[in-house]
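Just below is one structure, and these are the notes that go with it.
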Amino acid sequence: MTLTMLPHRQAAGLRSGKLHIDGEWVAAEGGATWTHHHPATGEEIGEVAVASPSDVDAAVAAARRAFESGEWSRANAQTRIAVLHRFADLLRENADQLRALQALDNSVPVSFGSIYAVSVAAAADAFDHHAGWIDKIGGQTLPPYQGGDHLAMSFREPIGVVAAILPWNVPFLLFAQKVAPALAAGCTVVLKPSEYATFSVLRMVELLIEAGLPKGTLNVVTGPGDPTGERLITHPDIDKISFTGSREVGKRIVEASAATLKRVSLELGGKSPAVVFGDAPDVGVAAATTVGAVTMGLSGQACVANTRALVHRDVYEEFIAAAQGVAAAVTYGDPFDPSVISAPLINGRQLDRVLGYIEKGKAEGARLVTGGERLSGEYAAGNFVAPTIFADVDNSSTIAQEEIFGPVLSVVPFSQEDEAIRLANDTEYGLGASVFTSDAQRAFRVARGLRAGTVGINGFQIEPHLPFGGFKQSGLGREGGRTAFEAYTELKTVLMPLGDELM
Ligand code: NAD
């Protein structure tokens with residue numbers, strides 16, 4: 001039977017996309033659209049409106065008016081908390097539909113959409129979590145340092161109009177980790193989803209409006225980086241850009257932000273290591289966790305996937321044999337089939353890129369253990385690449401250094417703990433890392449030595465209340481938790497004399 005996504009469109013309630021500006025759903029200027037092709041079949045799934053520079057200007061102006069009106073930015077805590085909790089409930093009630101829309105967007109299997117870190121449940125929890133900060137974060141009252149008696153106070157105020165730019169791979173949690181703290185802090189938002197994951201995000205926006213968000217508070221401009229994203233990041237009236245995506249676009253955003261000194265938060269790519277010692281509690285579990293993160297669900301298209309396995313020589317061949325077994329069990333195909341656990345690559349450009357890296361790995365002398373090719377036969381119309389494991393990889397080679405963003409694991413042997421730490425840190429990135437060992441002291445020693453934003457010991461989990469982000473070129477700032485909320489505020493100091501004496 002030929003794989004087709006078309007019957008799922010109606011069942012999932014997919015409609016062609018519109019922009020959301022100042023409380024209205026509108027077509028893009030001149031009716032411009034971008035056609036989304038499904039990554040598993042190549043079929044045309046729907047039309048995404050392409051916001052022109054003047055559409056973006058209208059969205060930013062609406063967000064600015066809404067911010068200045070104070071309806072949301074100065075709303076009391078109770079009002080904001082209620083809207084965010086109501087939205088969290090609506091997300092949970094609509095989880096099945098959202099998962100189906102995501103499968104039509106990016107072909108992430110519905111089976112994987114229920115894994116916590118990428119689930120609708122995690123997004124809902126992120127909204128509940130950030131709603132919880134609203135009535136708890138304030139400033140300080142400080143004693144005078146010199147001069148007459150006066151009050152010195154600090155306040156946290158919303159930063160203003162936020163541009164939130166999303167990638168395509170994890171639309172639920174990443175929407176939440178930007179929009180929840182921004183709204184909780186009282187900001188207004190212009191959101192740009194990825195052109196490759198628009199439909200699931202638009203449904204979340206509808207639900208947020210249903211939850212009672214005032215008009216103009218959240219505006220949505222859809223379309224590709226050029227023209228839509230470029231106008232947003234260069235717009236003079238944006239106060240902060242919160243971006244998740246590739247390092248290259250992250251650098252462009254830093255450059256563009258300089259003109260008006262916008263605040264910037266960046267969640268970028270990674271080349272995260274899994275460090276497996278000879279005393280790992282279970283080498284098979286270490287291999288399953290590592291290979292699973294690189295091949296299942298998003299097929300390695302995950303920022304934090306541990307795409308480098310640094311394995312002690314004592315358990316090296318055992319790890320590779322177990323890894324091969326896990327790779328052989330990965331299933332592909334219809335994302336609506338609950339037995340399917342992995343996805344195709346998002347588009348033809350990414351397919352070519354990943355196949356190019358595989359050729360590079362072979363040319364650089366790594367040992368291809370399994371995979372290494374595009375899937376054919378019934379999968380030929382999609383962008384499927386077989387789970388690929390390279391062993392005996394030199395850590396300085398291209399496949400060990402660059403973010404491939406596909407189902408490719410590089411296994412590098414080591415002999416000593418300090419060597420493992422050195423190899424793990426020998427990368428321009430610093431997003432995540434895992435350590436597998438039964439020795440608690442070694443686990444903490446190594447965790448402390450690793451230059452990465454999140455280190456998992458004998459496992460890895462992302463939760464919405466934990467700070468998440470990167471060292472080095474993996475980003476700027478953190479999402480999740482109190483620091484993330486505070487990053488959507490400005491601190492203001494107010495001084496007031498308590499008598500006639502000057503301060
Ligand atoms: P991408 O950088 O190509 O696109 C991300 C977003 O930026 C999209 O909405 C895109 O339309 C937009 N964009 C592109 N060019 C732009 C420009 N010039 N101006 C403004 N916006 C522009 O990334 P992607 O392919 O969607 O996602 C994959 C990347 O995201 C990987 O590098 C991955 O590691 C990273 N990522 C990081 C995290 C994290 O939390 N650190 C999470 C998920 C993905």
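The way I read the labels, and the way they are meant: chains A, B, ... in the order of the structure tokens, residue 1 as the first residue of every chain, and ligand 1 as the first ligand shown, with later ones counted on from there.
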
Practice task
List every residue of stretch 142-235 of chain A that DSSP, applied to the backbone of this structure, places in strand (DSSP E), and write the result as a ChimeraX atom specification.
Solution key: /A:142,150-158,161-165,188-192,218-220

Handout entry: Contacts of A:Gly250 within 8 Å, only C-alpha atoms, excl. fewer than 5 positions in-chain, as a ChimeraX atom specification
Key = /A:243-245,266,268,475

Problem - Backbone DSSP call of helix (DSSP H, G or I) for stretch 264-406 of chain A, listed as an MDAnalysis selection string - result: chainID A and resid 283:295 313:328 348:363 377:379 398:401

Practice task
Could you please extract the residues within 8 Å of ligand 1, counting only C-alpha atoms and all ligand atoms, and hand them back as an MDAnalysis selection string?
Solution key: chainID A and resid 165:170 174 192:196 223:233 243:250 252:253 266:270 301:304 403 405 431 468:470 474:475

Fill in the blank from the handout: Expressed in Å, the length from atom CA of A:Leu351 to atom CA of A:Glu364 is 20.0 Å

Practice task
Please provide the set of residues having any atom within 9 Å of stretch 120-128 of chain A, restricted to only C-alpha atoms, with same-chain residues fewer than 2 positions apart removed, written as a PyMOL selection string.
Solution key: chain A and resi 81+84-85+87-92+94-96+98-99+113-114+116-118+130-132+172-177+179-181+184+463-465+480

Residues of stretch 352-417 of chain A that have any atom at most 10 Å from an atom of stretch 273-282 of chain A: could you tabulate them with the shortest-distance atom pair and the distance in Å to one decimal, using only C-alpha atoms, ordered by chain and increasing number, as JSON lines?
```
{"residue": "A:Ala400", "atom": "CA", "partner": "A:Pro273", "partner_atom": "CA", "distance": 9.7}
{"residue": "A:Ser410", "atom": "CA", "partner": "A:Pro273", "partner_atom": "CA", "distance": 9.5}
{"residue": "A:Val411", "atom": "CA", "partner": "A:Ala274", "partner_atom": "CA", "distance": 9.4}
{"residue": "A:Val412", "atom": "CA", "partner": "A:Val275", "partner_atom": "CA", "distance": 9.6}
{"residue": "A:Pro413", "atom": "CA", "partner": "A:Val276", "partner_atom": "CA", "distance": 9.6}
{"residue": "A:Phe414", "atom": "CA", "partner": "A:Phe277", "partner_atom": "CA", "distance": 9.0}
{"residue": "A:Ser415", "atom": "CA", "partner": "A:Phe277", "partner_atom": "CA", "distance": 9.0}
{"residue": "A:Gln416", "atom": "CA", "partner": "A:Phe277", "partner_atom": "CA", "distance": 9.2}
{"residue": "A:Glu417", "atom": "CA", "partner": "A:Phe277", "partner_atom": "CA", "distance": 8.3}
```

Would you save the residues of that selection, restricted to C-alpha atoms, as an mmCIF file, in the first residue's frame?
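Result file selection22.cif:
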```cif
data_model
loop_
_atom_site.group_PDB
_atom_site.id
_atom_site.type_symbol
_atom_site.label_atom_id
_atom_site.label_comp_id
_atom_site.auth_asym_id
_atom_site.auth_seq_id
_atom_site.Cartn_x
_atom_site.Cartn_y
_atom_site.Cartn_z
ATOM 1 C CA ALA A 400 32.636 14.263 15.179
ATOM 2 C CA SER A 410 30.016 8.708 15.907
ATOM 3 C CA VAL A 411 31.700 6.347 18.369
ATOM 4 C CA VAL A 412 35.115 7.414 19.686
ATOM 5 C CA PRO A 413 37.237 5.173 21.959
ATOM 6 C CA PHE A 414 39.069 6.403 25.092
ATOM 7 C CA SER A 415 41.202 4.906 27.881
ATOM 8 C CA GLN A 416 41.440 7.485 30.695
ATOM 9 C CA GLU A 417 38.942 9.708 32.521
#
```

Problem - Minimum-distance residue to A:Ala58, chosen among A:Glu43, A:Asp237, A:Asp135, A:Glu71 (using only C-alpha atoms) - result: A:Asp237

Exercise for the section: Identify which of the residues A:Ala322, A:Val56, A:Ala447, A:Ala259 lies closest to A:Ala288, counting only C-alpha atoms when measuring atom-to-atom distances. Expected result: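 Going through A:Ala322, A:Val56, A:Ala447, A:Ala259 one by one, the smallest distance to A:Ala288 is for A:Ala322.
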
Practice task
Give me the residues within 8 Å of A:Lys178 as a ChimeraX atom specification, counting only C-alpha atoms and dropping any in the same chain fewer than 6 places off.
Solution key: /A:164,242,479

Problem - Nearest-residue call for A:Gln10, choices A:Leu101, A:Ala61, A:Leu191, A:Leu491, using only C-alpha atoms - result: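 Closest candidate: A:Leu101.
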
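Among A:Leu19, A:Cys187, A:Ala256, A:Val446, the residue with the shortest atom-to-atom distance to A:Arg64, counting only C-alpha atoms, is A:Cys187.
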
Practice task
Tell me which of A:Gln473, A:Gln140, A:Gln324, A:Thr307 sits closest to A:Lys251, counting only C-alpha atoms.
Solution key: A:Gln473

Handout entry: Among the residues A:Ala62, A:Val311, A:Ala12, A:Leu104, the one that comes closest to A:Leu423 [using only C-alpha atoms]
Key =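 Of A:Ala62, A:Val311, A:Ala12, A:Leu104, the one nearest A:Leu423, counting only C-alpha atoms, is A:Val311.
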